[in-house]
>>> print(open('query.txt').read())   # compact mmCIF, C-alpha atoms
# COMPACT_ATOMS: atom_id res chain seq x y z
CA MET B 1 79.50 95.50 119.24
CA ALA B 2 83.07 96.36 118.82
CA GLU B 3 85.07 97.42 121.82
CA PRO B 4 86.69 100.85 121.95
CA MET B 5 90.18 101.45 120.63
CA LYS B 6 93.02 102.83 122.64
CA ILE B 7 94.58 105.71 120.78
CA ARG B 8 97.51 107.83 121.88
CA ALA B 9 98.74 110.81 119.91
CA THR B 10 101.71 112.67 121.31
CA LEU B 11 103.40 115.67 119.80
CA GLN B 12 107.10 115.37 118.92
CA GLY B 13 108.16 118.67 117.38
CA ASP B 14 105.61 119.26 114.64
CA THR B 15 104.88 115.56 114.16
CA ALA B 16 102.26 113.59 116.05
CA ASP B 17 103.30 110.09 117.00
CA VAL B 18 100.05 108.11 116.81
CA ARG B 19 99.69 104.67 118.37
CA ILE B 20 96.45 102.75 118.00
CA LEU B 21 95.45 99.54 119.70
CA MET B 22 92.28 97.91 118.41
CA ARG B 23 90.31 95.06 119.95
CA HIS B 24 89.53 92.43 117.34
CA PRO B 25 89.87 88.63 117.10
CA MET B 26 91.40 88.76 113.58
CA GLU B 27 90.46 85.17 112.75
CA THR B 28 92.37 83.79 109.77
CA GLY B 29 89.70 81.31 108.76
CA THR B 30 92.13 78.40 109.18
CA ARG B 31 92.09 77.99 112.97
CA LYS B 32 90.29 74.86 114.11
CA THR B 33 88.50 74.19 117.37
CA ALA B 34 86.56 71.14 118.60
CA THR B 35 83.49 72.43 116.79
CA GLY B 36 85.17 73.04 113.45
CA VAL B 37 86.93 75.83 111.64
CA VAL B 38 86.53 79.33 113.05
CA PRO B 39 85.16 81.52 110.25
CA VAL B 40 87.37 84.23 108.83
CA HIS B 41 86.80 87.53 110.65
CA PHE B 42 89.28 90.38 110.33
CA ILE B 43 89.62 94.13 109.92
CA GLN B 44 89.86 95.01 106.25
CA SER B 45 90.11 98.75 106.31
CA VAL B 46 91.53 101.32 108.71
CA ILE B 47 91.27 105.01 108.00
CA VAL B 48 93.16 107.60 110.05
CA GLU B 49 92.09 111.21 109.78
CA HIS B 50 93.85 114.33 111.03
CA ASN B 51 91.35 117.19 111.54
CA GLY B 52 89.00 115.49 109.09
CA LYS B 53 91.64 114.94 106.40
CA THR B 54 92.62 111.35 105.61
CA VAL B 55 96.31 110.77 106.29
CA LEU B 56 96.42 106.97 106.15
CA ASP B 57 94.12 104.55 104.36
CA ALA B 58 95.11 101.00 105.23
CA GLN B 59 93.89 97.72 103.79
CA TRP B 60 94.64 94.65 105.84
CA SER B 61 94.54 90.90 105.38
CA GLN B 62 93.92 88.28 108.03
CA ALA B 63 97.69 88.14 108.58
CA ILE B 64 97.54 91.11 110.96
CA SER B 65 97.84 89.96 114.58
CA ARG B 66 94.94 89.68 117.00
CA ASP B 67 94.14 92.96 118.78
CA PRO B 68 95.98 94.89 116.09
CA PHE B 69 98.48 97.63 116.73
CA LEU B 70 99.05 100.43 114.26
CA GLY B 71 101.65 103.15 114.56
CA LEU B 72 102.09 106.14 112.29
CA ARG B 73 103.41 109.70 112.31
CA VAL B 74 101.27 112.64 111.26
CA LYS B 75 103.08 115.68 109.90
CA GLY B 76 102.15 119.28 110.69
CA ALA B 77 100.23 118.44 113.84
CA LYS B 78 99.50 120.87 116.67
CA LEU B 79 98.35 120.46 120.24
CA GLY B 80 94.65 119.67 120.41
CA ASP B 81 94.37 118.51 116.79
CA LYS B 82 91.83 115.75 116.28
CA ILE B 83 93.02 112.29 115.27
CA SER B 84 90.13 110.08 114.24
CA VAL B 85 90.42 106.35 113.49
CA THR B 86 87.77 104.18 111.81
CA TRP B 87 88.03 100.48 111.10
CA THR B 88 85.71 98.20 109.16
CA ASP B 89 85.87 94.42 109.22
CA ASN B 90 84.82 91.78 106.71
CA LYS B 91 81.45 91.39 108.41
CA GLY B 92 80.68 95.08 108.01
CA ASP B 93 81.18 95.83 111.69
CA LYS B 94 82.90 99.14 112.32
CA ARG B 95 84.24 101.34 115.06
CA ASN B 96 85.28 104.99 115.22
CA ASP B 97 87.27 106.65 117.99
CA GLU B 98 88.84 110.06 118.27
CA VAL B 99 91.53 111.67 120.41
CA ALA B 100 93.19 115.06 120.65
CA VAL B 101 96.93 115.38 120.15
CA SER B 102 98.61 115.81 123.54
CA ALA B 103 102.01 117.13 124.54
CA GLY B 104 104.90 114.70 124.23
CA SER B 105 107.07 113.81 127.17
CA MET Y 1 82.35 108.05 99.65
CA LYS Y 2 81.72 108.40 103.36
CA GLN Y 3 78.16 109.46 102.74
CA LEU Y 4 77.60 106.29 100.77
CA ARG Y 5 78.81 104.18 103.65
CA ARG Y 6 76.47 105.92 106.04
CA ASN Y 7 73.56 105.40 103.73
CA PHE Y 8 74.35 101.76 103.42
CA LEU Y 9 74.45 101.35 107.17
CA LYS Y 10 71.19 103.23 107.57
CA LEU Y 11 69.57 101.12 104.91
CA SER Y 12 70.72 97.89 106.41
CA GLY Y 13 69.77 99.06 109.90
CA GLY Y 14 73.15 98.46 111.48
CA ALA Y 15 76.11 96.18 111.46
CA GLY Y 16 74.20 93.11 112.65
CA VAL Y 17 72.06 93.09 109.57
CA ALA Y 18 75.08 93.83 107.43
CA ALA Y 19 76.72 90.71 108.81
CA ALA Y 20 73.65 88.70 107.92
CA ALA Y 21 73.62 90.27 104.50
CA ALA Y 22 77.19 89.13 103.97
CA ALA Y 23 75.94 85.61 103.50
CA ALA Y 24 73.66 86.84 100.75
CA GLY Y 25 76.68 88.25 98.97
CA LEU Y 26 75.68 91.83 99.66
CA LEU Y 27 79.02 92.53 101.25
CA LYS Y 28 80.69 92.30 97.88
CA ALA Y 29 79.00 95.53 96.97
CA GLY Y 30 79.78 96.78 100.46
CA SER Y 31 83.50 96.33 100.14
CA ALA Y 32 83.46 99.38 97.89
CA TRP Y 33 82.74 101.63 100.88
CA ALA Y 34 86.25 102.89 101.47
CA ALA Y 35 88.94 102.44 98.89
CA PRO Y 36 87.81 99.04 97.64
CA TRP Y 37 89.56 96.17 99.36
CA ASN Y 38 92.11 94.83 96.90
CA LYS Y 39 90.64 91.34 96.68
CA SER Y 40 92.84 90.04 93.89
CA ALA Y 41 96.03 91.07 95.67
CA PHE Y 42 94.99 89.95 99.16
CA GLU Y 43 93.67 86.57 98.04
CA SER Y 44 96.76 85.71 96.01
CA LYS Y 45 98.63 82.70 97.27
CA ALA Y 46 101.83 83.49 95.44
CA VAL Y 47 104.05 86.52 95.91
CA ALA Y 48 104.14 87.18 92.16
CA ASP Y 49 100.34 87.28 91.97
CA ALA Y 50 100.14 89.59 94.99
CA LEU Y 51 102.60 91.94 93.32
CA LYS Y 52 100.54 91.85 90.16
CA GLY Y 53 97.43 92.66 92.20
CA LEU Y 54 99.20 95.69 93.63
CA GLY Y 55 100.23 96.72 90.14
CA ALA Y 56 103.85 96.54 91.25
CA THR Y 57 106.18 95.91 88.35
CA ASN Y 58 109.84 96.68 87.73
CA LEU Y 59 110.71 96.64 91.42
CA ILE Y 60 113.76 98.71 92.29
CA GLU Y 61 115.84 97.64 95.28
CA SER Y 62 116.19 100.65 97.55
CA LYS Y 63 118.36 101.43 100.55
CA ASP Y 64 115.98 104.22 101.55
CA ILE Y 65 113.49 101.69 102.90
CA THR Y 66 114.13 100.45 106.43
CA ILE Y 67 112.36 97.35 107.71
CA THR Y 68 112.44 97.17 111.48
CA ALA Y 69 111.62 93.63 112.51
CA PRO Y 70 113.17 91.08 114.86
CA ASP Y 71 115.81 88.74 113.43
CA ILE Y 72 114.18 85.94 115.38
CA ALA Y 73 110.51 86.04 116.33
CA GLU Y 74 109.71 83.54 119.04
CA ASN Y 75 105.97 83.84 118.52
CA GLY Y 76 104.80 83.94 114.92
CA ALA Y 77 101.40 85.23 116.01
CA ILE Y 78 102.88 88.61 116.90
CA VAL Y 79 105.76 89.83 114.78
CA PRO Y 80 106.25 93.58 115.10
CA ILE Y 81 107.17 95.13 111.78
CA ALA Y 82 107.83 98.79 111.11
CA ILE Y 83 108.58 100.17 107.68
CA THR Y 84 110.22 103.54 107.14
CA SER Y 85 110.50 104.97 103.67
CA LYS Y 86 112.74 107.96 103.08
CA ILE Y 87 111.77 108.05 99.41
CA PRO Y 88 110.11 111.39 98.61
CA ASN Y 89 106.39 111.31 97.76
CA THR Y 90 105.81 107.89 99.22
CA GLN Y 91 102.21 107.02 98.30
CA ASN Y 92 101.84 103.45 99.42
CA ILE Y 93 103.63 100.97 101.65
CA SER Y 94 102.76 97.28 101.41
CA ILE Y 95 104.02 94.44 103.56
CA ILE Y 96 104.47 90.93 102.18
CA ALA Y 97 105.39 87.91 104.30
CA GLU Y 98 106.56 85.71 101.47
CA LYS Y 99 105.74 82.28 102.87
CA ASN Y 100 102.37 83.06 104.44
CA PRO Y 101 99.32 81.31 102.93
CA PHE Y 102 98.24 84.73 101.67
CA PRO Y 103 101.52 86.64 101.36
CA LEU Y 104 100.16 90.19 101.25
CA ALA Y 105 99.60 91.25 104.88
CA ALA Y 106 98.80 94.93 104.59
CA SER Y 107 98.77 97.83 102.20
CA PHE Y 108 98.85 101.41 103.44
CA ASP Y 109 97.89 104.38 101.27
CA ILE Y 110 99.84 107.32 102.62
CA SER Y 111 98.80 110.88 101.97
CA ALA Y 112 100.95 113.98 102.13
CA GLY Y 113 99.89 114.54 105.73
CA SER Y 114 101.65 111.44 106.98
CA GLU Y 115 105.28 110.42 107.15
CA GLY Y 116 106.51 107.40 105.24
CA TYR Y 117 106.31 105.28 108.33
CA VAL Y 118 103.95 102.55 109.51
CA SER Y 119 104.20 100.05 112.30
CA VAL Y 120 102.02 96.94 112.72
CA ARG Y 121 102.14 93.46 114.17
CA VAL Y 122 101.63 90.59 111.75
CA LYS Y 123 101.23 86.83 111.92
CA MET Y 124 103.83 84.68 110.21
CA GLY Y 125 103.41 80.99 109.56
CA GLN Y 126 107.09 80.20 109.27
CA THR Y 127 110.55 81.65 108.75
CA SER Y 128 110.36 83.84 105.72
CA ASP Y 129 111.51 86.98 104.01
CA VAL Y 130 109.47 90.05 104.80
CA ARG Y 131 109.26 92.32 101.80
CA ALA Y 132 108.31 95.97 101.81
CA ILE Y 133 106.93 97.49 98.64
CA VAL Y 134 106.95 101.27 98.46
CA LYS Y 135 105.18 103.18 95.73
CA ALA Y 136 106.49 106.68 95.09
CA ASP Y 137 105.85 108.85 92.04
CA GLY Y 138 104.42 105.86 90.21
CA LYS Y 139 107.56 103.76 90.68
CA PHE Y 140 107.85 100.74 92.96
CA TYR Y 141 110.74 100.25 95.35
CA THR Y 142 111.43 97.26 97.52
CA ALA Y 143 113.50 95.97 100.41
CA VAL Y 144 113.71 92.59 102.12
CA LYS Y 145 114.52 91.34 105.60
CA GLU Y 146 114.47 87.76 106.80
CA VAL Y 147 112.58 86.97 109.99
CA LYS Y 148 113.16 83.60 111.64
CA VAL Y 149 110.01 82.26 113.27
CA THR Y 150 110.30 79.74 116.09
CA VAL Y 151 106.59 78.96 116.53
CA GLY Y 152 104.27 79.70 113.62
CA GLY Y 153 101.25 81.91 114.12
CA CYS Y 154 98.87 80.94 111.36
CA GLY Y 155 97.17 77.99 113.02
>>> encode(input="query.txt", output="structure tokens")
Amino acid sequence: MAEPMKIRATLQGDTADVRILMRHPMETGTRKTATGVVPVHFIQSVIVEHNGKTVLDAQWSQAISRDPFLGLRVKGAKLGDKISVTWTDNKGDKRNDEVAVSAGS
Amino acid sequence: MKQLRRNFLKLSGGAGVAAAAAAAGLLKAGSAWAAPWNKSAFESKAVADALKGLGATNLIESKDITITAPDIAENGAIVPIAITSKIPNTQNISIIAEKNPFPLAASFDISAGSEGYVSVRVKMGQTSDVRAIVKADGKFYTAVKEVKVTVGGCG
């Protein structure tokens, strides 16, 4: 099963700076090992929600790096708001994690 | 849409079965869970076809798009790219690495609740132009930045 994401959401004024680190091999389908070509395996869709409302709906190709990073800025955020991230890969595996917006430094 | 996804997972009894079902071609129906994965655009091998798949025509060069990427990336497997669009009503930001086997790397649908900013790390096979496509109010804007790659990351 998929490993948990690391998500950090910090408040900067009224904008939440969201940084997400996912754990995923992101195989391109072209990499070869001694046993043959590693099958393509990558995250296709990432959805970021702010208090249940979708703010970013991303579609990815296999060109995104292994253990993908995604950064975005959510407008109109307040302390304690929920930021929820869901990814789905090409094998139908998925993972959802949620954090609350915390105070910025 | 979400409900549908849940039902599908329930029906298939979890992701493991879904993976097995992929071989049977079931996943083609499954890719319609979220916004359907833009197969035609992502599987294009030429930049022009990828643009067509995105529906991007009449590209307008814009200085309101900033591509933040290294001039020289030592490791093509991890090239940090951030795109900032100051164009009002930015709806979508797409990233194209022109010389990759499949040029379209990512496409982000941006709603009103999010700023016109995304940051990701992409793989690049070789030195190439990185092109940002921004859709705003039905028009397509673009900007380009060259990234030199020392060691390719598509192997």
>>> closest_residue(input="query.txt", among="Y:Ala69, Y:Val47, Y:Ala112, Y:Val144", to="chain B", atoms="all atoms listed in the file")
Y:Ala112
>>> interface_residues(input="query.txt", of="chain B", to="chain Y", cutoff="10 Å", atoms="only C-alpha atoms", output="PyMOL selection string")
chain B and resi 1+15-16+18-21+27-32+44-50+53-77+88-94
>>> write_last_selection(input="query.txt", atoms="C-alpha atoms", output="PDB file, keeping the file's coordinate frame")
ATOM      1  CA  MET B   1      79.500  95.500 119.240  1.00  0.00           C
ATOM      2  CA  THR B  15     104.880 115.560 114.160  1.00  0.00           C
ATOM      3  CA  ALA B  16     102.260 113.590 116.050  1.00  0.00           C
ATOM      4  CA  VAL B  18     100.050 108.110 116.810  1.00  0.00           C
ATOM      5  CA  ARG B  19      99.690 104.670 118.370  1.00  0.00           C
ATOM      6  CA  ILE B  20      96.450 102.750 118.000  1.00  0.00           C
ATOM      7  CA  LEU B  21      95.450  99.540 119.700  1.00  0.00           C
ATOM      8  CA  GLU B  27      90.460  85.170 112.750  1.00  0.00           C
ATOM      9  CA  THR B  28      92.370  83.790 109.770  1.00  0.00           C
ATOM     10  CA  GLY B  29      89.700  81.310 108.760  1.00  0.00           C
ATOM     11  CA  THR B  30      92.130  78.400 109.180  1.00  0.00           C
ATOM     12  CA  ARG B  31      92.090  77.990 112.970  1.00  0.00           C
ATOM     13  CA  LYS B  32      90.290  74.860 114.110  1.00  0.00           C
ATOM     14  CA  GLN B  44      89.860  95.010 106.250  1.00  0.00           C
ATOM     15  CA  SER B  45      90.110  98.750 106.310  1.00  0.00           C
ATOM     16  CA  VAL B  46      91.530 101.320 108.710  1.00  0.00           C
ATOM     17  CA  ILE B  47      91.270 105.010 108.000  1.00  0.00           C
ATOM     18  CA  VAL B  48      93.160 107.600 110.050  1.00  0.00           C
ATOM     19  CA  GLU B  49      92.090 111.210 109.780  1.00  0.00           C
ATOM     20  CA  HIS B  50      93.850 114.330 111.030  1.00  0.00           C
ATOM     21  CA  LYS B  53      91.640 114.940 106.400  1.00  0.00           C
ATOM     22  CA  THR B  54      92.620 111.350 105.610  1.00  0.00           C
ATOM     23  CA  VAL B  55      96.310 110.770 106.290  1.00  0.00           C
ATOM     24  CA  LEU B  56      96.420 106.970 106.150  1.00  0.00           C
ATOM     25  CA  ASP B  57      94.120 104.550 104.360  1.00  0.00           C
ATOM     26  CA  ALA B  58      95.110 101.000 105.230  1.00  0.00           C
ATOM     27  CA  GLN B  59      93.890  97.720 103.790  1.00  0.00           C
ATOM     28  CA  TRP B  60      94.640  94.650 105.840  1.00  0.00           C
ATOM     29  CA  SER B  61      94.540  90.900 105.380  1.00  0.00           C
ATOM     30  CA  GLN B  62      93.920  88.280 108.030  1.00  0.00           C
ATOM     31  CA  ALA B  63      97.690  88.140 108.580  1.00  0.00           C
ATOM     32  CA  ILE B  64      97.540  91.110 110.960  1.00  0.00           C
ATOM     33  CA  SER B  65      97.840  89.960 114.580  1.00  0.00           C
ATOM     34  CA  ARG B  66      94.940  89.680 117.000  1.00  0.00           C
ATOM     35  CA  ASP B  67      94.140  92.960 118.780  1.00  0.00           C
ATOM     36  CA  PRO B  68      95.980  94.890 116.090  1.00  0.00           C
ATOM     37  CA  PHE B  69      98.480  97.630 116.730  1.00  0.00           C
ATOM     38  CA  LEU B  70      99.050 100.430 114.260  1.00  0.00           C
ATOM     39  CA  GLY B  71     101.650 103.150 114.560  1.00  0.00           C
ATOM     40  CA  LEU B  72     102.090 106.140 112.290  1.00  0.00           C
ATOM     41  CA  ARG B  73     103.410 109.700 112.310  1.00  0.00           C
ATOM     42  CA  VAL B  74     101.270 112.640 111.260  1.00  0.00           C
ATOM     43  CA  LYS B  75     103.080 115.680 109.900  1.00  0.00           C
ATOM     44  CA  GLY B  76     102.150 119.280 110.690  1.00  0.00           C
ATOM     45  CA  ALA B  77     100.230 118.440 113.840  1.00  0.00           C
ATOM     46  CA  THR B  88      85.710  98.200 109.160  1.00  0.00           C
ATOM     47  CA  ASP B  89      85.870  94.420 109.220  1.00  0.00           C
ATOM     48  CA  ASN B  90      84.820  91.780 106.710  1.00  0.00           C
ATOM     49  CA  LYS B  91      81.450  91.390 108.410  1.00  0.00           C
ATOM     50  CA  GLY B  92      80.680  95.080 108.010  1.00  0.00           C
ATOM     51  CA  ASP B  93      81.180  95.830 111.690  1.00  0.00           C
ATOM     52  CA  LYS B  94      82.900  99.140 112.320  1.00  0.00           C
TER      53      LYS B  94
END
>>> atom_distance(input="query.txt", atom1="CA of Lys63 (chain Y)", atom2="CA of Ile133 (chain Y)")
12.2 Å
>>> atom_distance(input="query.txt", atom1="CA of Glu146 (chain Y)", atom2="CA of Glu74 (chain Y)")
13.8 Å
>>> atom_distance(input="query.txt", atom1="CA of Val38 (chain B)", atom2="CA of Ile81 (chain Y)")
26.0 Å
>>> residues_around(input="query.txt", residues="Ser62 (chain Y)", least_positions_apart="2", cutoff="9 Å", atoms="all atoms listed in the file", output="mmCIF file with C-alpha atoms, in the frame of the given file")
data_model
loop_
_atom_site.group_PDB
_atom_site.id
_atom_site.type_symbol
_atom_site.label_atom_id
_atom_site.label_comp_id
_atom_site.auth_asym_id
_atom_site.auth_seq_id
_atom_site.Cartn_x
_atom_site.Cartn_y
_atom_site.Cartn_z
ATOM 1 C CA ILE Y 60 113.760 98.710 92.290
ATOM 2 C CA ASP Y 64 115.980 104.220 101.550
ATOM 3 C CA ILE Y 65 113.490 101.690 102.900
ATOM 4 C CA ILE Y 87 111.770 108.050 99.410
ATOM 5 C CA TYR Y 141 110.740 100.250 95.350
ATOM 6 C CA THR Y 142 111.430 97.260 97.520
ATOM 7 C CA ALA Y 143 113.500 95.970 100.410
#
>>> residues_near_point(input="query.txt", point="(95.8, 113.7, 119.0)", cutoff="8 Å", atoms="only C-alpha atoms", output="ChimeraX atom specification")
/B:8-11,16,18,79-83,98-102
>>> axis_aligned_box(input="query.txt", around="region 91-104 of chain B", padding_each_side="5 Å", output="AutoDock Vina command-line options")
--center_x 92.8 --center_y 104.3 --center_z 116.3 --size_x 34.2 --size_y 35.7 --size_z 26.5
>>> decode(input="query.txt", residues="region 71-95 of chain B", atoms="N, CA and C atoms", output="PDB file, in the first residue's frame")
ATOM      1  N   GLY B  71       4.184  21.962  -5.057  1.00  0.00           N
ATOM      2  CA  GLY B  71       3.995  23.169  -4.261  1.00  0.00           C
ATOM      3  C   GLY B  71       2.899  24.016  -4.873  1.00  0.00           C
ATOM      4  N   LEU B  72       2.053  24.600  -4.024  1.00  0.00           N
ATOM      5  CA  LEU B  72       1.028  25.501  -4.516  1.00  0.00           C
ATOM      6  C   LEU B  72       0.679  26.501  -3.418  1.00  0.00           C
ATOM      7  N   ARG B  73      -0.096  27.520  -3.789  1.00  0.00           N
ATOM      8  CA  ARG B  73      -0.521  28.516  -2.805  1.00  0.00           C
ATOM      9  C   ARG B  73      -2.034  28.633  -2.837  1.00  0.00           C
ATOM     10  N   VAL B  74      -2.631  28.463  -1.670  1.00  0.00           N
ATOM     11  CA  VAL B  74      -4.090  28.499  -1.561  1.00  0.00           C
ATOM     12  C   VAL B  74      -4.515  29.859  -1.009  1.00  0.00           C
ATOM     13  N   LYS B  75      -5.404  30.511  -1.747  1.00  0.00           N
ATOM     14  CA  LYS B  75      -5.853  31.851  -1.348  1.00  0.00           C
ATOM     15  C   LYS B  75      -6.942  31.763  -0.286  1.00  0.00           C
ATOM     16  N   GLY B  76      -7.063  32.817   0.517  1.00  0.00           N
ATOM     17  CA  GLY B  76      -8.152  32.915   1.486  1.00  0.00           C
ATOM     18  C   GLY B  76      -8.116  31.846   2.557  1.00  0.00           C
ATOM     19  N   ALA B  77      -6.906  31.436   2.946  1.00  0.00           N
ATOM     20  CA  ALA B  77      -6.808  30.382   3.957  1.00  0.00           C
ATOM     21  C   ALA B  77      -6.727  30.996   5.354  1.00  0.00           C
ATOM     22  N   LYS B  78      -7.187  30.232   6.348  1.00  0.00           N
ATOM     23  CA  LYS B  78      -7.098  30.665   7.738  1.00  0.00           C
ATOM     24  C   LYS B  78      -6.447  29.553   8.554  1.00  0.00           C
ATOM     25  N   LEU B  79      -5.984  29.933   9.743  1.00  0.00           N
ATOM     26  CA  LEU B  79      -5.378  28.943  10.628  1.00  0.00           C
ATOM     27  C   LEU B  79      -6.352  27.796  10.873  1.00  0.00           C
ATOM     28  N   GLY B  80      -5.877  26.577  10.804  1.00  0.00           N
ATOM     29  CA  GLY B  80      -6.711  25.426  11.118  1.00  0.00           C
ATOM     30  C   GLY B  80      -7.530  24.908   9.945  1.00  0.00           C
ATOM     31  N   ASP B  81      -7.507  25.626   8.810  1.00  0.00           N
ATOM     32  CA  ASP B  81      -8.209  25.126   7.621  1.00  0.00           C
ATOM     33  C   ASP B  81      -7.641  23.777   7.207  1.00  0.00           C
ATOM     34  N   LYS B  82      -8.513  22.949   6.630  1.00  0.00           N
ATOM     35  CA  LYS B  82      -8.070  21.610   6.225  1.00  0.00           C
ATOM     36  C   LYS B  82      -7.559  21.634   4.785  1.00  0.00           C
ATOM     37  N   ILE B  83      -6.381  21.082   4.583  1.00  0.00           N
ATOM     38  CA  ILE B  83      -5.851  20.878   3.235  1.00  0.00           C
ATOM     39  C   ILE B  83      -5.769  19.366   3.030  1.00  0.00           C
ATOM     40  N   SER B  84      -6.495  18.876   2.047  1.00  0.00           N
ATOM     41  CA  SER B  84      -6.553  17.442   1.803  1.00  0.00           C
ATOM     42  C   SER B  84      -5.979  17.146   0.410  1.00  0.00           C
ATOM     43  N   VAL B  85      -5.125  16.127   0.331  1.00  0.00           N
ATOM     44  CA  VAL B  85      -4.477  15.780  -0.936  1.00  0.00           C
ATOM     45  C   VAL B  85      -4.761  14.313  -1.261  1.00  0.00           C
ATOM     46  N   THR B  86      -5.190  14.047  -2.483  1.00  0.00           N
ATOM     47  CA  THR B  86      -5.456  12.677  -2.925  1.00  0.00           C
ATOM     48  C   THR B  86      -4.729  12.432  -4.235  1.00  0.00           C
ATOM     49  N   TRP B  87      -3.948  11.363  -4.307  1.00  0.00           N
ATOM     50  CA  TRP B  87      -3.388  10.998  -5.609  1.00  0.00           C
ATOM     51  C   TRP B  87      -3.884   9.621  -6.045  1.00  0.00           C
ATOM     52  N   THR B  88      -3.891   9.419  -7.348  1.00  0.00           N
ATOM     53  CA  THR B  88      -4.282   8.143  -7.931  1.00  0.00           C
ATOM     54  C   THR B  88      -3.254   7.799  -8.999  1.00  0.00           C
ATOM     55  N   ASP B  89      -2.754   6.556  -8.997  1.00  0.00           N
ATOM     56  CA  ASP B  89      -1.767   6.220 -10.020  1.00  0.00           C
ATOM     57  C   ASP B  89      -2.393   5.358 -11.114  1.00  0.00           C
ATOM     58  N   ASN B  90      -1.557   5.002 -12.105  1.00  0.00           N
ATOM     59  CA  ASN B  90      -2.099   4.312 -13.275  1.00  0.00           C
ATOM     60  C   ASN B  90      -2.487   2.870 -12.973  1.00  0.00           C
ATOM     61  N   LYS B  91      -2.164   2.380 -11.788  1.00  0.00           N
ATOM     62  CA  LYS B  91      -2.623   1.048 -11.408  1.00  0.00           C
ATOM     63  C   LYS B  91      -3.851   1.113 -10.510  1.00  0.00           C
ATOM     64  N   GLY B  92      -4.377   2.311 -10.314  1.00  0.00           N
ATOM     65  CA  GLY B  92      -5.583   2.468  -9.513  1.00  0.00           C
ATOM     66  C   GLY B  92      -5.312   2.586  -8.023  1.00  0.00           C
ATOM     67  N   ASP B  93      -4.044   2.537  -7.642  1.00  0.00           N
ATOM     68  CA  ASP B  93      -3.684   2.727  -6.242  1.00  0.00           C
ATOM     69  C   ASP B  93      -3.909   4.197  -5.889  1.00  0.00           C
ATOM     70  N   LYS B  94      -4.284   4.460  -4.633  1.00  0.00           N
ATOM     71  CA  LYS B  94      -4.509   5.849  -4.266  1.00  0.00           C
ATOM     72  C   LYS B  94      -4.161   6.090  -2.808  1.00  0.00           C
ATOM     73  N   ARG B  95      -4.030   7.355  -2.468  1.00  0.00           N
ATOM     74  CA  ARG B  95      -3.631   7.722  -1.130  1.00  0.00           C
ATOM     75  C   ARG B  95      -4.214   9.092  -0.817  1.00  0.00           C
TER      76      ARG B  95
END
